[in-house]
$ cat entry_25.tsv   # TSV, C-alpha atoms
chain	number	residue	atom	x	y	z
A	1	LEU	CA	0.94	34.56	-18.88
A	2	GLU	CA	0.68	38.26	-19.63
A	3	ASN	CA	0.00	40.65	-16.73
A	4	TRP	CA	0.27	37.83	-14.18
A	5	PRO	CA	-0.60	39.44	-10.80
A	6	HIS	CA	0.37	36.83	-8.17
A	7	GLY	CA	4.15	36.35	-8.26
A	8	ARG	CA	5.43	32.78	-8.00
A	9	ALA	CA	2.63	30.20	-7.74
A	10	GLN	CA	1.99	26.49	-8.07
A	11	ILE	CA	-0.14	24.58	-10.57
A	12	ILE	CA	-2.14	22.16	-8.45
A	13	LEU	CA	-3.99	18.96	-9.18
A	14	PRO	CA	-7.08	19.06	-6.89
A	15	THR	CA	-6.99	15.41	-5.81
A	16	ASP	CA	-7.76	14.16	-2.28
A	17	SER	CA	-4.18	15.07	-1.36
A	18	PRO	CA	-3.40	17.97	-3.73
A	19	VAL	CA	-0.22	17.57	-5.76
A	20	VAL	CA	1.87	20.19	-7.53
A	21	ILE	CA	2.29	19.47	-11.26
A	22	GLY	CA	3.86	22.74	-12.36
A	23	LYS	CA	4.59	26.34	-11.53
A	24	VAL	CA	4.12	29.92	-12.63
A	25	GLU	CA	7.12	32.20	-12.21
A	26	ALA	CA	6.83	35.81	-11.12
A	27	ASP	CA	7.26	36.91	-14.75
A	28	GLY	CA	4.35	34.69	-15.85
A	29	LYS	CA	6.37	31.84	-17.35
A	30	VAL	CA	4.41	28.57	-17.04
A	31	SER	CA	5.79	25.03	-16.81
A	32	ILE	CA	3.74	21.84	-16.38
A	33	THR	CA	4.95	18.23	-16.10
A	34	LEU	CA	2.63	15.42	-17.20
A	35	GLY	CA	3.56	11.73	-16.95
A	36	GLU	CA	2.13	8.27	-16.43
A	37	ALA	CA	2.54	8.59	-12.66
A	38	LEU	CA	0.22	11.61	-12.72
A	39	ALA	CA	-2.47	9.61	-14.53
A	40	GLN	CA	-2.17	6.86	-11.92
A	41	ARG	CA	-2.48	9.47	-9.16
A	42	ILE	CA	-5.66	10.86	-10.71
A	43	SER	CA	-7.15	7.36	-11.01
A	44	ALA	CA	-6.27	6.45	-7.42
A	45	SER	CA	-7.69	9.73	-6.14
A	46	ARG	CA	-10.99	9.07	-7.88
A	47	GLU	CA	-11.29	5.67	-6.24
A	48	ALA	CA	-10.71	7.29	-2.83
A	49	ASP	CA	-13.05	10.23	-3.51
A	50	ASP	CA	-15.53	10.88	-0.68
A	51	GLY	CA	-17.74	13.19	-2.75
A	52	SER	CA	-16.37	16.46	-1.38
A	53	GLY	CA	-14.26	19.06	-3.13
A	54	ILE	CA	-13.36	19.32	-6.81
A	55	ARG	CA	-13.66	16.20	-8.94
A	56	LEU	CA	-11.62	15.38	-12.03
A	57	VAL	CA	-14.01	13.82	-14.53
A	58	ARG	CA	-13.24	10.47	-16.14
A	59	SER	CA	-14.91	9.27	-19.31
A	60	THR	CA	-14.54	6.78	-22.12
A	61	VAL	CA	-13.35	7.75	-25.59
A	62	GLU	CA	-16.90	7.56	-26.97
A	63	ARG	CA	-18.29	9.72	-24.16
A	64	ALA	CA	-15.58	12.33	-24.45
A	65	PHE	CA	-16.17	12.63	-28.21
A	66	TYR	CA	-19.84	11.72	-28.31
A	67	CYS	CA	-22.03	11.23	-31.34
A	68	ARG	CA	-24.65	8.67	-32.33
A	69	SER	CA	-24.19	8.69	-36.07
A	70	ASP	CA	-23.25	6.21	-38.77
A	71	ASP	CA	-21.02	8.98	-40.13
A	72	VAL	CA	-18.72	8.76	-37.09
A	73	THR	CA	-16.50	5.73	-36.44
A	74	SER	CA	-14.49	4.94	-33.34
A	75	GLU	CA	-11.79	2.47	-32.41
A	76	ASN	CA	-11.33	1.36	-28.80
A	77	GLY	CA	-14.27	3.58	-27.88
A	78	ASP	CA	-14.80	2.00	-24.45
A	79	LEU	CA	-11.24	2.88	-23.36
A	80	GLN	CA	-11.22	4.93	-20.14
A	81	LEU	CA	-9.52	8.33	-20.30
A	82	GLU	CA	-8.01	10.42	-17.51
A	83	ARG	CA	-8.01	14.21	-17.60
A	84	ALA	CA	-5.78	16.63	-15.69
A	85	THR	CA	-8.00	19.64	-16.34
A	86	THR	CA	-11.49	20.91	-15.62
A	87	ARG	CA	-12.92	22.33	-18.88
A	88	GLY	CA	-9.36	22.79	-20.07
A	89	GLY	CA	-8.27	24.58	-16.88
A	90	PHE	CA	-5.44	23.91	-14.44
A	91	TYR	CA	-5.83	25.21	-10.89
A	92	VAL	CA	-3.18	27.67	-9.72
A	93	GLY	CA	-2.45	28.86	-6.20
A	94	ASN	CA	-0.24	28.23	-3.17
A	95	LEU	CA	-0.56	25.01	-1.17
A	96	GLU	CA	1.38	26.24	1.87
A	97	GLU	CA	-0.87	29.27	2.24
A	98	GLU	CA	-3.99	27.29	1.25
A	99	GLU	CA	-4.72	29.94	-1.37
A	100	LEU	CA	-6.42	29.35	-4.73
A	101	HIS	CA	-5.87	32.12	-7.27
A	102	GLY	CA	-8.00	30.65	-10.07
A	103	GLN	CA	-7.39	28.69	-13.26
A	104	ILE	CA	-5.13	28.92	-16.29
A	105	ARG	CA	-5.99	27.57	-19.73
A	106	LEU	CA	-4.39	27.29	-23.12
A	107	ALA	CA	-6.72	29.08	-25.53
A	108	SER	CA	-6.66	31.16	-28.69
A	109	SER	CA	-7.68	34.51	-27.17
A	110	GLN	CA	-9.05	36.21	-24.09
A	111	ALA	CA	-12.24	37.02	-26.02
A	112	PHE	CA	-12.76	33.33	-26.74
A	113	GLY	CA	-12.06	32.36	-23.13
A	114	ASN	CA	-14.45	35.00	-21.83
A	115	SER	CA	-17.22	33.68	-24.07
A	116	PHE	CA	-16.77	29.89	-24.07
A	117	PHE	CA	-16.22	29.36	-20.36
A	118	GLN	CA	-19.18	31.51	-19.26
A	119	LEU	CA	-21.55	28.60	-20.03
A	120	GLY	CA	-23.77	30.53	-22.42
A	121	LYS	CA	-23.93	33.74	-20.40
A	122	LYS	CA	-22.13	35.63	-23.16
A	123	ASP	CA	-22.20	35.50	-26.95
A	124	PHE	CA	-19.79	32.89	-28.31
A	125	VAL	CA	-16.91	33.83	-30.58
A	126	THR	CA	-14.79	31.56	-32.75
A	127	GLY	CA	-11.58	30.20	-31.28
A	128	HIS	CA	-10.17	27.17	-29.49
A	129	TYR	CA	-8.75	25.77	-26.28
A	130	ILE	CA	-6.55	22.77	-25.48
A	131	GLU	CA	-7.70	19.77	-23.46
A	132	PHE	CA	-5.39	17.11	-21.97
A	133	TYR	CA	-6.29	13.38	-21.99
A	134	PHE	CA	-4.31	10.35	-20.84
A	135	ALA	CA	-4.93	7.06	-22.66
A	136	GLU	CA	-3.64	3.62	-21.71
A	137	ALA	CA	-3.74	2.55	-25.37
A	138	ASP	CA	-4.34	3.93	-28.85
A	139	ALA	CA	-7.89	4.96	-29.76
A	140	SER	CA	-9.60	7.06	-32.42
A	141	VAL	CA	-12.79	8.86	-33.40
A	142	HIS	CA	-13.33	10.11	-36.97
A	143	GLY	CA	-16.24	11.69	-38.79
A	144	THR	CA	-18.79	14.48	-38.79
A	145	CYS	CA	-21.89	14.41	-36.61
A	146	LYS	CA	-24.87	16.53	-37.64
A	147	THR	CA	-27.57	17.02	-35.01
A	148	PRO	CA	-30.89	18.39	-36.36
A	149	THR	CA	-31.97	21.32	-34.17
A	150	TYR	CA	-35.20	23.34	-34.23
A	151	THR	CA	-35.19	27.11	-34.32
A	152	LEU	CA	-36.70	28.73	-31.24
A	153	ASP	CA	-40.08	29.17	-32.93
A	154	GLY	CA	-40.11	25.49	-33.90
A	155	LYS	CA	-40.71	26.23	-37.58
A	156	ASP	CA	-37.30	25.43	-39.08
A	157	VAL	CA	-34.55	22.87	-38.57
A	158	PHE	CA	-30.80	23.32	-38.95
A	159	ASP	CA	-27.74	21.17	-38.14
A	160	ILE	CA	-25.39	21.60	-35.20
A	161	ILE	CA	-22.10	20.08	-36.39
A	162	HIS	CA	-19.39	18.24	-34.45
A	163	GLU	CA	-16.35	17.21	-36.46
A	164	TYR	CA	-13.87	14.70	-34.99
A	165	THR	CA	-10.31	13.90	-36.02
A	166	ILE	CA	-9.17	12.16	-32.85
A	167	ASP	CA	-6.10	9.90	-32.88
A	168	LEU	CA	-5.13	9.18	-29.28
A	169	LYS	CA	-1.79	7.53	-28.51
A	170	LYS	CA	-0.76	5.81	-25.29
A	171	GLY	CA	0.21	8.54	-22.84
A	172	TRP	CA	-0.88	12.17	-22.58
A	173	ASN	CA	-2.61	13.69	-25.60
A	174	LEU	CA	-3.45	17.27	-26.57
A	175	VAL	CA	-6.89	17.85	-28.11
A	176	ARG	CA	-7.73	21.12	-29.81
A	177	VAL	CA	-11.41	21.99	-29.17
A	178	GLU	CA	-12.54	24.67	-31.60
A	179	VAL	CA	-15.67	26.73	-32.13
A	180	ALA	CA	-15.24	26.99	-35.90
A	181	GLU	CA	-18.56	28.65	-36.78
A	182	THR	CA	-21.34	30.40	-34.87
A	183	TYR	CA	-24.98	31.33	-35.52
A	184	THR	CA	-27.39	33.88	-34.09
A	185	ASP	CA	-30.64	32.52	-32.68
A	186	GLN	CA	-34.02	34.27	-32.86
A	187	GLU	CA	-33.41	36.00	-29.54
A	188	GLY	CA	-30.16	37.49	-30.80
A	189	ASN	CA	-27.84	35.15	-28.87
A	190	VAL	CA	-24.70	33.90	-30.63
A	191	ARG	CA	-24.18	30.14	-30.23
A	192	PRO	CA	-21.74	27.52	-31.56
A	193	LEU	CA	-22.79	26.08	-34.93
A	194	LYS	CA	-19.73	23.97	-35.75
A	195	MET	CA	-17.34	22.40	-33.24
A	196	VAL	CA	-14.10	20.79	-34.43
A	197	MET	CA	-12.12	18.44	-32.14
A	198	LYS	CA	-8.69	17.31	-33.26
A	199	THR	CA	-5.63	15.76	-31.63
A	200	VAL	CA	-2.46	17.83	-32.04
A	201	ARG	CA	1.13	16.88	-31.30
A	202	GLU	CA	2.23	20.39	-30.34
A	203	VAL	CA	0.52	23.42	-28.85
A	204	PRO	CA	-0.70	25.49	-31.85
A	205	VAL	CA	1.21	28.73	-32.38
A	206	ASP	CA	-2.00	30.78	-32.11
A	207	THR	CA	-2.49	29.66	-28.50
A	208	GLN	CA	-1.72	31.41	-25.22
A	209	PHE	CA	-2.10	30.84	-21.50
A	210	LEU	CA	-5.07	32.70	-20.04
A	211	PHE	CA	-5.74	33.34	-16.35
A	212	THR	CA	-9.23	33.38	-14.83
A	213	ALA	CA	-9.40	34.65	-11.26
A	214	ASN	CA	-11.12	32.48	-8.66

$ encode --input "entry_25.tsv" --output "structure tokens"
Amino acid sequence: LENWPHGRAQIILPTDSPVVIGKVEADGKVSITLGEALAQRISASREADDGSGIRLVRSTVERAFYCRSDDVTSENGDLQLERATTRGGFYVGNLEEEELHGQIRLASSQAFGNSFFQLGKKDFVTGHYIEFYFAEADASVHGTCKTPTYTLDGKDVFDIIHEYTIDLKKGWNLVRVEVAETYTDQEGNVRPLKMVMKTVREVPVDTQFLFTAN
């Protein structure tokens, strides 16, 4: 993490009883440990959830990589997935001092992070981030989904594209979520045109940790 402002800190899983899964050193070096026990902890925490606080979202393979199209095929699509992140982000802070600094994410650039995670409040730029999924068994999603979309004046139709090359293995998996192409709508806003989701075995070299203050 470049220009890390908080000294030594903990990476925290926001379950009912928060658990430390990594750390950030004073020089910004990040380390995170993921294992099967962590996935079990996330699952158990969800079952005990009382509806308060931060929730870690669970979904099936087909819901996580959703598309109703004959051009997309899935295997073991009803398999439940666990996720250690919220929109790709890990929470970072200090448990003893009950202090939350914000979130860190693996993403291609600060410009991409500033655009993608503002939920449409800023123009999108191309780039990617890394999501973390735990699977109890192998599963896959392959194909290209084209969703016909009307222009704002309702006169023309174009395709929003989602491309999937998902090959999940038992254990923790890294998924690269990319805004590959953008378009400008009739109000001048820049939006994603093509999204590409692909499992990767290593963190791509053009990826960095980004910090977003709480």

$ residues_near_point --input "entry_25.tsv" --point "(-18.6, 17.5, -38.7)" --cutoff "12 Å" --atoms "only C-alpha atoms" --output "ChimeraX atom specification"
/A:65-67,69,71-72,141-147,159-165,178-181,193-198

$ residues_around --input "entry_25.tsv" --residues "A:Val125" --least-positions-apart "3" --cutoff "10 Å" --atoms "all atoms listed in the file" --output "list in words"
Ser109, Ala111, Phe112, Gly113, Asn114, Ser115, Phe116, Lys122, His128, Val179, Ala180, Glu181, Thr182, Tyr183, Val190, Arg191 and Pro192 of chain A

$ write_last_selection --input "entry_25.tsv" --atoms "C-alpha atoms" --output "PDB file, in the coordinates of the input"
ATOM      1  CA  SER A 109      -7.680  34.510 -27.170  1.00  0.00           C
ATOM      2  CA  ALA A 111     -12.240  37.020 -26.020  1.00  0.00           C
ATOM      3  CA  PHE A 112     -12.760  33.330 -26.740  1.00  0.00           C
ATOM      4  CA  GLY A 113     -12.060  32.360 -23.130  1.00  0.00           C
ATOM      5  CA  ASN A 114     -14.450  35.000 -21.830  1.00  0.00           C
ATOM      6  CA  SER A 115     -17.220  33.680 -24.070  1.00  0.00           C
ATOM      7  CA  PHE A 116     -16.770  29.890 -24.070  1.00  0.00           C
ATOM      8  CA  LYS A 122     -22.130  35.630 -23.160  1.00  0.00           C
ATOM      9  CA  HIS A 128     -10.170  27.170 -29.490  1.00  0.00           C
ATOM     10  CA  VAL A 179     -15.670  26.730 -32.130  1.00  0.00           C
ATOM     11  CA  ALA A 180     -15.240  26.990 -35.900  1.00  0.00           C
ATOM     12  CA  GLU A 181     -18.560  28.650 -36.780  1.00  0.00           C
ATOM     13  CA  THR A 182     -21.340  30.400 -34.870  1.00  0.00           C
ATOM     14  CA  TYR A 183     -24.980  31.330 -35.520  1.00  0.00           C
ATOM     15  CA  VAL A 190     -24.700  33.900 -30.630  1.00  0.00           C
ATOM     16  CA  ARG A 191     -24.180  30.140 -30.230  1.00  0.00           C
ATOM     17  CA  PRO A 192     -21.740  27.520 -31.560  1.00  0.00           C
TER      18      PRO A 192
END

$ closest_residue --input "entry_25.tsv" --among "A:Glu36, A:Lys169, A:Lys29, A:Tyr91" --to "A:Ile11" --atoms "all atoms listed in the file"
A:Tyr91

$ closest_residue --input "entry_25.tsv" --among "A:Thr15, A:Thr212, A:Thr199, A:Gln80" --to "A:Leu174" --atoms "all atoms listed in the file"
A:Thr199

$ atom_distance --input "entry_25.tsv" --atom1 "atom CA of A:Ser59" --atom2 "atom CA of A:Asp78"
8.9 Å

$ atom_distance --input "entry_25.tsv" --atom1 "atom CA of A:Leu119" --atom2 "atom CA of A:Asp70"
29.2 Å

$ atom_distance --input "entry_25.tsv" --atom1 "atom CA of A:Leu79" --atom2 "atom CA of A:Arg63"
9.9 Å

$ closest_residue --input "entry_25.tsv" --among "A:Pro14, A:Gly7, A:Gly102, A:Gly88" --to "A:Asp27" --atoms "only C-alpha atoms"
A:Gly7

$ residues_near_point --input "entry_25.tsv" --point "(-6.4, 34.4, -8.5)" --cutoff "9 Å" --atoms "all atoms listed in the file" --output "MDAnalysis selection string"
chainID A and resid 5:6 92:93 99:103 211:214

$ residues_around --input "entry_25.tsv" --residues "A:Val20" --least-positions-apart "3" --cutoff "12 Å" --atoms "all atoms listed in the file" --output "PyMOL selection string"
chain A and resi 9-15+17+23-24+31-34+38+41+84+90-96

$ closest_residue --input "entry_25.tsv" --among "A:Val61, A:Asp185, A:Arg68, A:Thr126" --to "A:Tyr150" --atoms "all atoms listed in the file"
A:Asp185

$ closest_residue --input "entry_25.tsv" --among "A:Arg105, A:Lys155, A:Lys121, A:Lys170" --to "A:Glu136" --atoms "all atoms listed in the file"
A:Lys170

$ build_atoms --input "entry_25.tsv" --residues "stretch 142-171 of chain A" --atoms "N, CA and C atoms" --output "compact mmCIF listing (two decimals), in the frame of the given file"
# COMPACT_ATOMS: atom_id res chain seq x y z
N HIS A 142 -13.40 9.36 -35.71
CA HIS A 142 -13.33 10.11 -36.97
C HIS A 142 -14.72 10.28 -37.55
N GLY A 143 -14.98 11.45 -38.08
CA GLY A 143 -16.24 11.69 -38.79
C GLY A 143 -16.88 13.00 -38.41
N THR A 144 -18.02 13.26 -39.03
CA THR A 144 -18.79 14.48 -38.79
C THR A 144 -20.19 14.12 -38.33
N CYS A 145 -20.57 14.67 -37.20
CA CYS A 145 -21.89 14.41 -36.61
C CYS A 145 -22.77 15.64 -36.82
N LYS A 146 -23.92 15.45 -37.43
CA LYS A 146 -24.87 16.53 -37.64
C LYS A 146 -26.13 16.27 -36.81
N THR A 147 -26.42 17.18 -35.90
CA THR A 147 -27.57 17.02 -35.01
C THR A 147 -28.67 17.99 -35.42
N PRO A 148 -29.79 17.50 -35.98
CA PRO A 148 -30.89 18.39 -36.36
C PRO A 148 -31.42 19.15 -35.14
N THR A 149 -31.58 20.45 -35.28
CA THR A 149 -31.97 21.32 -34.17
C THR A 149 -33.04 22.29 -34.65
N TYR A 150 -34.12 22.41 -33.87
CA TYR A 150 -35.20 23.34 -34.23
C TYR A 150 -34.83 24.77 -33.87
N THR A 151 -35.27 25.70 -34.69
CA THR A 151 -35.19 27.11 -34.32
C THR A 151 -36.12 27.35 -33.13
N LEU A 152 -35.94 28.48 -32.46
CA LEU A 152 -36.70 28.73 -31.24
C LEU A 152 -38.21 28.76 -31.47
N ASP A 153 -38.64 29.15 -32.66
CA ASP A 153 -40.08 29.17 -32.93
C ASP A 153 -40.61 27.81 -33.39
N GLY A 154 -39.70 26.84 -33.53
CA GLY A 154 -40.11 25.49 -33.90
C GLY A 154 -40.49 25.31 -35.35
N LYS A 155 -40.26 26.30 -36.19
CA LYS A 155 -40.71 26.23 -37.58
C LYS A 155 -39.64 25.69 -38.53
N ASP A 156 -38.38 25.85 -38.18
CA ASP A 156 -37.30 25.43 -39.08
C ASP A 156 -36.31 24.54 -38.34
N VAL A 157 -35.56 23.77 -39.12
CA VAL A 157 -34.55 22.87 -38.57
C VAL A 157 -33.21 23.16 -39.23
N PHE A 158 -32.16 23.17 -38.42
CA PHE A 158 -30.80 23.32 -38.95
C PHE A 158 -29.90 22.33 -38.22
N ASP A 159 -28.66 22.15 -38.71
CA ASP A 159 -27.74 21.17 -38.14
C ASP A 159 -26.68 21.83 -37.26
N ILE A 160 -26.54 21.31 -36.04
CA ILE A 160 -25.39 21.60 -35.20
C ILE A 160 -24.33 20.55 -35.56
N ILE A 161 -23.12 20.98 -35.85
CA ILE A 161 -22.10 20.08 -36.39
C ILE A 161 -20.96 19.87 -35.39
N HIS A 162 -20.58 18.60 -35.21
CA HIS A 162 -19.39 18.24 -34.45
C HIS A 162 -18.49 17.41 -35.35
N GLU A 163 -17.29 17.88 -35.57
CA GLU A 163 -16.35 17.21 -36.46
C GLU A 163 -15.19 16.65 -35.63
N TYR A 164 -14.89 15.37 -35.81
CA TYR A 164 -13.87 14.70 -34.99
C TYR A 164 -12.73 14.17 -35.86
N THR A 165 -11.51 14.53 -35.47
CA THR A 165 -10.31 13.90 -36.02
C THR A 165 -9.42 13.58 -34.81
N ILE A 166 -9.79 12.52 -34.12
CA ILE A 166 -9.17 12.16 -32.85
C ILE A 166 -8.33 10.90 -33.04
N ASP A 167 -7.02 11.03 -32.82
CA ASP A 167 -6.10 9.90 -32.88
C ASP A 167 -5.28 9.90 -31.60
N LEU A 168 -5.78 9.22 -30.58
CA LEU A 168 -5.13 9.18 -29.28
C LEU A 168 -4.03 8.12 -29.27
N LYS A 169 -2.89 8.46 -28.70
CA LYS A 169 -1.79 7.53 -28.51
C LYS A 169 -1.63 7.24 -27.02
N LYS A 170 -0.99 6.12 -26.70
CA LYS A 170 -0.76 5.81 -25.29
C LYS A 170 0.05 6.92 -24.65
N GLY A 171 -0.44 7.42 -23.52
CA GLY A 171 0.21 8.54 -22.84
C GLY A 171 -0.70 9.76 -22.85
